[in-house]
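**Student:** I'd like to ask some things about the structure below.
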4 protein chains.
Amino acid sequence: MPLTPQQQIEIDEQRATVSTTGRATVAELEAILLQALPVLDHGFVRVVDYMGDDAAIVQAARVSYGRGTRRVQDDAGLIDYLMRHRHSTPFEMCEIKFHVKLPIFVARQWIRHRTANVNEISARYSVLDKEYYLPAPGQLAAQSSVNRQGRGEALPPERAAAVLGLLREDADRCYRHYEEMLDPDGAGLARELARINLTLATYTQWYWKIDLHNLFHFLALRADAHAQYEIRAYAEVMLEVVRRWVPLAYGAFIKNRLGAVTLSAPALAVVRRMLAGDPVEQPGSGLSPREWRELMAALNG
Amino acid sequence: MPLTPQQQIEIDEQRATVSTTGRATVAELEAILLQALPVLDHGFVRVVDYMGDDAAIVQAARVSYGRGTRRVQDDAGLIDYLMRHRHSTPFEMCEIKFHVKLPIFVARQWIRHRTANVNEISARYSVLDKEYYLPAPGQLAAQSSVNRQGRGEALPPERAAAVLGLLREDADRCYRHYEEMLDPDGAGLARELARINLTLATYTQWYWKIDLHNLFHFLALRADAHAQYEIRAYAEVMLEVVRRWVPLAYGAFIKNRLGAVTLSAPALAVVRRMLAGDPVEQPGSGLSPREWRELMAALNG
Amino acid sequence: MPLTPQQQIEIDEQRATVSTTGRATVAELEAILLQALPVLDHGFVRVVDYMGDDAAIVQAARVSYGRGTRRVQDDAGLIDYLMRHRHSTPFEMCEIKFHVKLPIFVARQWIRHRTANVNEISARYSVLDKEYYLPAPGQLAAQSSVNRQGRGEALPPERAAAVLGLLREDADRCYRHYEEMLDPDGAGLARELARINLTLATYTQWYWKIDLHNLFHFLALRADAHAQYEIRAYAEVMLEVVRRWVPLAYGAFIKNRLGAVTLSAPALAVVRRMLAGDPVEQPGSGLSPREWRELMAALNG
Amino acid sequence: MPLTPQQQIEIDEQRATVSTTGRATVAELEAILLQALPVLDHGFVRVVDYMGDDAAIVQAARVSYGRGTRRVQDDAGLIDYLMRHRHSTPFEMCEIKFHVKLPIFVARQWIRHRTANVNEISARYSVLDKEYYLPAPGQLAAQSSVNRQGRGEALPPERAAAVLGLLREDADRCYRHYEEMLDPDGAGLARELARINLTLATYTQWYWKIDLHNLFHFLALRADAHAQYEIRAYAEVMLEVVRRWVPLAYGAFIKNRLGAVTLSAPALAVVRRMLAGDPVEQPGSGLSPREWRELMAALNG
């Protein structure tokens with residue numbers, strides 16, 4: 001359960017407040033506004049605010065006085081065109097703000113996306129909660145033998161249990177000593193020092209605000225199969241948020257980015273030869289074995 | 001009149017659409033939402049959308065679950081503290097989107113603020129309207145003799161009239177030839193080429209979106225007495241928009257930025273000597289004559 | 001001739017100064033350092049400074065203590081991999097600074113690339129030179145009938161001559177009046193006002209500094225066939241600069257970006273069907289007629 | 001000792017390579033180029049590359065063809081003026097690249113400065129070294145009672161020893177278990193998971209590249225007395241690097257930024273009253289008690 005009762009009360013109180021506005025409003029997103037959507041064992045993603053909708057993309061692309069075209073058909077076509085031809089600025093005209101609770105090691109990957117606004121809780125100022133990430137047993141996988149950056153097979157159950165035991169014990173002990181060092185009746189160590197004893201599995205929180213173009217860039221990288229599972233779990237929840245918010249832009253993104261493939265010049269040459277009925281094999285293809293594998297994987301789905 | 005009847009109709013139609021939302025909403029800003037606030041002879045600023053309010057600044061600074069503090073008093077104190085100590089990230093959590101019509105020479109100064117999102121009408125794609133900026137006679141000033149970048153005295157009326165005549169004639173003739181070159185029954189020149197004949201006084205338009213921190217930075221530079229009058233005219237309208245939108249942040253900005261003065265180390269030393277009753281003059285003050293004048297101007301208001 | 005004798009002397013003097021350095025140095029780029037490479041009728045691009053080389057990309061990707069790998073073969077493979085998989089940060093570790101002279105309408109397209117540093121001459125502070133862009137007759141083309149943003153056929157000679165006459169006369173008259181308004185013995189108008197009478201064809205200058213990743217993004221858009229000819233002329237000179245500077249990264253860019261094609265999900269499905277021997281036509285392909293044309297153009301080269 | 005013998009050899013080999021260049025070169029910075037300047041117990045800062053010098057600031061501000069002014073006197077005056085009036089773009093024309101080894105909790109503060117380029121070693125890809133930060137005993141301080149974000153008095157020796165014991169043991173045990181989980185003959189856990197067991201005191205490394213304007217912003221915040229001691233230790237080493245690199249800009253920064261004080265509108269009003277001989281006390285000053293204390297601290301040095 002990621003929220004305390006007090007936190008849930010604060011959220012519920014805020015959700016109860018409704019105003020009228022002349023701004024673009026998206027009912028399907030309003031339906032989940034402020035709610036904590038759970039991710040991993042203690043994390044969540046909450047949409048705190050948003051600006052714009054699909055029509056706002058069209059409106060900005062046209063620099064129009066009103067709401068752009070009235071027909072969804074036309075908006076969809078234009079948005080697809082903009083996405084396909086990588087016109088990024090109209091998508092920058094939509095903005096979304098999240099409140100996210102996430103393990104520090106995930107936060108360290110996430111923060112590499114610089115075109116966003118961030119306010120993180122400060123462990124110099126506040127004492128962090130006792131919450132740390134423990135992978136579900138099925139997620140405890142061996143180092144991949146083919147990918148230096150990834151996971152391979154799940155560990156056998158007894159090994160997984162041993163690993164989990166170590167992770168839990170260490171996180172636990174580190175947190176206990178953190179509290180002990182902070183204790184004003186004991187050492188009373190400064191918070192900014194005591195926190196260095198915490199592990200990277202500890203949860204932190206932030207407000208994170210980003211425009212739609214840069215969010216798509218984030219999602220293209222972090223919802224990808226090569227991203228670490230833990231950040232991917234957040235990306236997938238956020239993808240679903242985007243689907244609710246800007247369904248036309250979402251569709252164009254899935255079609256032209258997430259589901260698309262880029263062929264390098266020599267890979268394109270190979271495809272042309274294949275289409276001309278020319279039998280092509282990796283040797284003589286102009287592609288390295290690795291590029292050849294990547295191309296075959298793309299062409300065979 | 002900056003708007004055509006058709007444009008006014010589109011705006012009015014959009015203004016007539018009201019929704020309910022769970023987002024932070026600011027009634028005083030809603031009151032002018034989408035309206036074209038006139039600037040210069042043909043320009044305007046329209047607030048098209050916004051995200052957040054004063055409480056959203058507090059909420060982000062606290063990474064809180066609810067709406068932050070309930071007492072305006074507390075919010076005001078925290079916002080003032082954040083502004084005074086240049087904590088920029090909480091102010092980045094508010095965002096605003098404008099539709100602006102402005103002369104190209106103003107647009108060229110404006111675009112230098114890079115941390116913003118922009119969609120400008122394309123003169124490759126569309127024919128620009130026949131609208132160009134002509135300074136009001138009182139604005140036609142001589143080159144300043146003390147400031148290489150500024151204006152001095154207003155021109156005598158007959159000189160102002162002559163200048164105005166040249167500006168009008170040239171802008172007019174350039175536009176007429178622009179149309180002539182574009183004429184499909186004549187040269188039918190490509191739009192992307194014909195437009196190079198227009199003068200820098202021609203109006204353009206864009207959607208421009210920025211966060212509150214960067215907007216304050218823009219306003220600190222562009223509402224300043226050293227900014228060119230024409231861009232300052234826009235900045236002043238936008239300052240008033242900010243006052244409606246986030247009155248506490250606006251107050252903190254006026255107090256700690258627009259109305260503040262920075263004393264360099266030697267200027268501070270001079271003030272200390274003066275407060276100690278030590279008679280200080282420029283020679284021996286450690287300040288250059290120019291710095292001395294700047295300091296005296298600050299101290300004497 | 002883009003340079004005055006005095007400017008050429010200043011450049012030559014600076015070129016005569018040589019130092020020793022422990023930094024990464026690229027002989028092929030040093031050979032053209034500071035030289036004005038001509039573009040259009042009065043413009044130029046000068047490389048004023050640079051940081052890093054191909055090895056610096058590898059060094060950053062590896063966070064290494066020394067110069068990264070010693071074998072060019074290994075560096076080439078890693079750089080190609082980084083480019084193919086859109087790892088952008090190692091390319092950000094190289095930086096280049098240009099001095100560019102360019103028409104204002106080109107500068108207005110160029111400045112849209114925000115992740116760069118710019119210092120432009122100020123027409124509030126200085127009087128601009130009498131230099132404006134006149135297209136070569138072969139560049140005076142009609143509006144394209146198929147592309148709302150582009151050029152079609154060249155104008156017939158007599159029409160081109162008429163257009164050129166208008167452009168020249170108007171630029172000339174506008175500049176003459178600019179000088180007249182500035183004349184301290186006449187109106188003595190402030191420079192910041194007089195300049196609004198100049199046309200968009202007037203040349204300006206700036207120092208422009210950017211990292212290699214963002215330069216590649218600029219070049220991918222501006223060396224593209226859809227970019228306006230005039231900015232493409234600059235991009236092509238800069239591409240050649242990049243080839244001298246970082247030949248491995250340049251090669252990877254040509255192979256994986258400039259010469260590459262992105263297939264959307266439905267376009268990929270069409271290619272798969274074609275490779276399986278399934279006869280596919282636009283109706284029933286899942287692609288719009290426009291997308292179909294784009295795909296066929298890509299597949300047929 | 002922050003470097004292994006092998007690392008020192010790689011650095012020495014690279015330092016032995018010297019080239020000639022036509023670029024701006026700074027002898028005082030070349031003298032320490034590539035050297036690891038020690039910070040904290042295992043960290044360092046190494047200048048890996050740089051672009052520009054004091055003259056490059058002047059050159060960009062003037063958009064000049066040559067090296068700007070020849071007289072140091074003139075350059076100093078212009079640079080001081082630019083800094084005093086917050087003209088940021090000329091300072092952006094200098095760039096520097098560091099290789100930094102730093103504890104993760106410091107890296108997390110550092111990375112908040114977004115206008116920089118970063119390549120960090122990946123703990124998904126590599127096994128991190130067994131190096132973690134342990135504060136020197138004199139640095140083990142109690143939580144400040146007046147500043148919620150800072151340190152107060154040093155702990156008494158026996159308490160400091162106890163704290164140090166906990167920090168060392170936990171970091172040690174966590175690292176041992178990290179190795180155990182990674183052991184291919186044991187669990188063989190994926191690196192991306194095993195690393196979550198490490199504490200925030202663990203050292204990481206990155207290449208970090210930034211322009212001089214943004215570096216000054218970083219240093220203004222991180223060399224400040226309110227910054228945490230550990231990041232301040234890095235900032236102070238980097239300040240000294242800047243002094244070697246661009247002594248005029250450094251001087252202007254110390255004078256107009258680090259050593260300067262900003263007076264809010266009401267604080268300025270108080271100073272004016274005091275200079276007029278008006279006895280002012282906090283009640284009736286228009287300042288809060290906290291603002292009053294801040295002002296008195298500034299005025300009394």
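Going by the structure tokens order, chains are called A, B, ..., each with residues numbered from 1, while ligands are numbered from 1 in the order shown.
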Chain A residues within 8 Å of chain C, counting only C-alpha atoms: which ones, as a PDB file with C-alpha atoms, in the first residue's frame?
**Tutor:**
```
ATOM      1  CA  ARG A  84       5.828  10.979 -38.723  1.00  0.00           C
ATOM      2  CA  ILE A 254       2.695   3.966 -31.111  1.00  0.00           C
ATOM      3  CA  LYS A 255       2.459   3.821 -34.886  1.00  0.00           C
ATOM      4  CA  ASN A 256       5.402   6.013 -35.810  1.00  0.00           C
ATOM      5  CA  ARG A 257       7.794   5.678 -32.892  1.00  0.00           C
ATOM      6  CA  GLY A 259       6.281   0.374 -33.207  1.00  0.00           C
ATOM      7  CA  ALA A 260       8.552   1.786 -35.901  1.00  0.00           C
ATOM      8  CA  VAL A 261      11.932   0.626 -37.121  1.00  0.00           C
ATOM      9  CA  THR A 262      14.764   2.721 -38.533  1.00  0.00           C
ATOM     10  CA  LEU A 263      16.745   1.201 -41.383  1.00  0.00           C
ATOM     11  CA  SER A 264      20.280   2.498 -41.835  1.00  0.00           C
ATOM     12  CA  ALA A 265      21.460   3.207 -45.377  1.00  0.00           C
ATOM     13  CA  PRO A 266      23.039  -0.270 -45.799  1.00  0.00           C
ATOM     14  CA  LEU A 268      17.760  -0.191 -46.597  1.00  0.00           C
ATOM     15  CA  VAL A 271      15.812  -4.642 -48.113  1.00  0.00           C
ATOM     16  CA  ARG A 272      15.804  -3.261 -51.638  1.00  0.00           C
ATOM     17  CA  MET A 274      15.597  -8.646 -51.103  1.00  0.00           C
ATOM     18  CA  LEU A 275      12.526  -7.037 -52.633  1.00  0.00           C
ATOM     19  CA  LEU A 299      11.779  -7.913 -40.664  1.00  0.00           C
ATOM     20  CA  ASN A 300      10.561 -11.101 -39.075  1.00  0.00           C
TER      21      ASN A 300
END
```
**Student:** Determine which residues of segment 97-214 of chain A DSSP labels as strand (DSSP E or B) from the backbone of this structure, then write them out as a PyMOL selection string.
**Tutor:** chain A and resi 97-103+117-120+132+141-143+151-154+189+199+202-211
**Student:** I need the chosen residues saved as a short mmCIF file (atom, residue, chain, number, x, y, z; two decimals), in the first residue's frame, with C-alpha atoms.
**Tutor:**
```
data_model
loop_
_atom_site.label_atom_id
_atom_site.label_comp_id
_atom_site.auth_asym_id
_atom_site.auth_seq_id
_atom_site.Cartn_x
_atom_site.Cartn_y
_atom_site.Cartn_z
CA LYS A 97 2.83 17.18 -14.01
CA PHE A 98 3.32 13.98 -12.04
CA HIS A 99 3.93 13.17 -8.41
CA VAL A 100 6.06 10.03 -8.41
CA LYS A 101 7.32 7.77 -5.67
CA LEU A 102 10.23 5.68 -6.89
CA PRO A 103 13.40 3.92 -5.69
CA ASN A 117 11.14 20.24 -14.08
CA VAL A 118 11.79 18.46 -10.81
CA ASN A 119 11.19 19.04 -7.13
CA GLU A 120 12.42 16.14 -5.02
CA TYR A 132 12.72 0.27 0.06
CA ALA A 141 17.23 -12.68 -12.75
CA ALA A 142 20.79 -13.63 -13.58
CA GLN A 143 23.11 -11.38 -15.51
CA ARG A 151 18.91 -9.65 -17.26
CA GLY A 152 18.77 -13.23 -18.40
CA GLU A 153 16.92 -16.14 -16.83
CA ALA A 154 15.16 -15.90 -13.49
CA LEU A 189 23.84 13.31 13.45
CA THR A 199 20.86 1.95 0.03
CA THR A 202 15.25 3.40 -0.74
CA TYR A 203 12.19 5.19 -2.06
CA THR A 204 12.20 8.89 -2.78
CA GLN A 205 9.50 11.17 -4.24
CA TRP A 206 9.29 14.05 -6.61
CA TYR A 207 7.08 16.33 -8.57
CA TRP A 208 8.06 15.98 -12.21
CA LYS A 209 6.69 18.13 -15.02
CA ILE A 210 7.40 17.70 -18.71
CA ASP A 211 6.00 18.60 -22.11
#
```
**Student:** For segment 235-239 of chain B, please output as a list of chain:residue names all residues within 6 Å (counting only C-alpha atoms; exclusion window: fewer than 2 positions along the same chain).
**Tutor:**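 In the requested format, the answer is B:Leu219, B:Arg222, B:Ala223, B:Arg232, B:Ala233, B:Val241, B:Val242.
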**Student:** Would you mind exporting the chosen residues as a CSV table (one decimal), in the first residue's frame, restricted to N, CA and C atoms?
**Tutor:**
```csv
chain,number,residue,atom,x,y,z
B,219,LEU,N,10.7,38.5,-17.8
B,219,LEU,CA,10.1,39.8,-17.4
B,219,LEU,C,11.2,40.7,-16.7
B,222,ARG,N,13.0,42.1,-19.7
B,222,ARG,CA,12.2,42.8,-20.7
B,222,ARG,C,11.2,43.8,-20.2
B,223,ALA,N,10.9,43.8,-18.9
B,223,ALA,CA,10.2,44.9,-18.3
B,223,ALA,C,11.1,45.9,-17.7
B,232,ARG,N,9.1,46.0,-24.2
B,232,ARG,CA,8.7,46.3,-22.8
B,232,ARG,C,7.2,46.4,-22.8
B,233,ALA,N,6.6,46.9,-23.9
B,233,ALA,CA,5.1,47.0,-23.9
B,233,ALA,C,4.5,45.7,-23.8
B,241,VAL,N,-0.8,40.1,-16.4
B,241,VAL,CA,-1.3,38.7,-16.4
B,241,VAL,C,-0.8,37.9,-15.2
B,242,VAL,N,0.5,38.0,-14.9
B,242,VAL,CA,1.1,37.3,-13.9
B,242,VAL,C,0.5,37.7,-12.5
```
**Student:** Skipping near chain neighbours, those fewer than 2 positions away, what residues fall within 7 Å of Ala24 of chain B using only C-alpha atoms, listed as a list in words?
**Tutor:**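 Everything that qualifies: Gly22, Val26, Gly52 and Asp53 of chain B.
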**Student:** Please provide the set of residues having any atom within 9 Å of Ala56 of chain D, restricted to only C-alpha atoms, with same-chain residues fewer than 3 positions apart removed, written as a PyMOL selection string.
**Tutor:** chain D and resi 24+51-53+59-61+67-68+90-91+93-94
**Student:** Store the residues picked out above, limited to N, CA and C atoms, as a PDB file, in the first residue's frame.
**Tutor:**
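Output saved as again02.pdb:
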```pdb
ATOM      1  N   ALA D  24      42.490  29.169 -28.959  1.00  0.00           N
ATOM      2  CA  ALA D  24      42.828  29.862 -27.717  1.00  0.00           C
ATOM      3  C   ALA D  24      43.343  28.833 -26.714  1.00  0.00           C
ATOM      4  N   MET D  51      37.480  24.924 -23.824  1.00  0.00           N
ATOM      5  CA  MET D  51      37.357  25.741 -25.033  1.00  0.00           C
ATOM      6  C   MET D  51      37.253  27.195 -24.604  1.00  0.00           C
ATOM      7  N   GLY D  52      38.123  28.039 -25.180  1.00  0.00           N
ATOM      8  CA  GLY D  52      38.025  29.470 -24.931  1.00  0.00           C
ATOM      9  C   GLY D  52      38.833  29.948 -23.752  1.00  0.00           C
ATOM     10  N   ASP D  53      38.903  31.264 -23.632  1.00  0.00           N
ATOM     11  CA  ASP D  53      39.638  31.938 -22.566  1.00  0.00           C
ATOM     12  C   ASP D  53      38.961  33.286 -22.319  1.00  0.00           C
ATOM     13  N   GLN D  59      35.476  38.494 -27.441  1.00  0.00           N
ATOM     14  CA  GLN D  59      35.319  38.259 -28.873  1.00  0.00           C
ATOM     15  C   GLN D  59      33.856  37.954 -29.225  1.00  0.00           C
ATOM     16  N   ALA D  60      33.204  37.156 -28.420  1.00  0.00           N
ATOM     17  CA  ALA D  60      31.812  36.806 -28.683  1.00  0.00           C
ATOM     18  C   ALA D  60      30.901  37.995 -28.398  1.00  0.00           C
ATOM     19  N   ALA D  61      31.186  38.715 -27.327  1.00  0.00           N
ATOM     20  CA  ALA D  61      30.359  39.878 -26.997  1.00  0.00           C
ATOM     21  C   ALA D  61      30.424  40.901 -28.125  1.00  0.00           C
ATOM     22  N   ARG D  67      40.846  38.806 -32.307  1.00  0.00           N
ATOM     23  CA  ARG D  67      40.871  38.354 -30.916  1.00  0.00           C
ATOM     24  C   ARG D  67      40.272  39.369 -29.962  1.00  0.00           C
ATOM     25  N   GLY D  68      39.462  40.284 -30.471  1.00  0.00           N
ATOM     26  CA  GLY D  68      38.890  41.289 -29.579  1.00  0.00           C
ATOM     27  C   GLY D  68      39.969  42.289 -29.256  1.00  0.00           C
ATOM     28  N   PRO D  90      27.788  35.858 -23.510  1.00  0.00           N
ATOM     29  CA  PRO D  90      29.226  35.782 -23.829  1.00  0.00           C
ATOM     30  C   PRO D  90      29.968  34.745 -22.977  1.00  0.00           C
ATOM     31  N   PHE D  91      29.528  34.558 -21.731  1.00  0.00           N
ATOM     32  CA  PHE D  91      30.188  33.569 -20.877  1.00  0.00           C
ATOM     33  C   PHE D  91      29.865  32.136 -21.325  1.00  0.00           C
ATOM     34  N   MET D  93      30.194  31.121 -24.151  1.00  0.00           N
ATOM     35  CA  MET D  93      31.084  30.798 -25.270  1.00  0.00           C
ATOM     36  C   MET D  93      32.353  30.074 -24.824  1.00  0.00           C
ATOM     37  N   CYS D  94      32.545  29.930 -23.514  1.00  0.00           N
ATOM     38  CA  CYS D  94      33.637  29.116 -22.994  1.00  0.00           C
ATOM     39  C   CYS D  94      33.045  27.820 -22.455  1.00  0.00           C
TER      40      CYS D  94
END
```
**Student:** What's around Asp183 of chain D at 12 Å? Count only C-alpha atoms, leave out sequence neighbours fewer than 6 positions away in its own chain, and write the answer as a ChimeraX atom specification.
**Tutor:** /A:142-143,159,163 /D:127,176-177,189-191,194
**Student:** Between atom CA of Glu10 of chain B and atom CA of Gly66 of chain A, measure the distance and give it in Å to one decimal.
**Tutor:**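 Distance between the two atoms: 4.7 Å.
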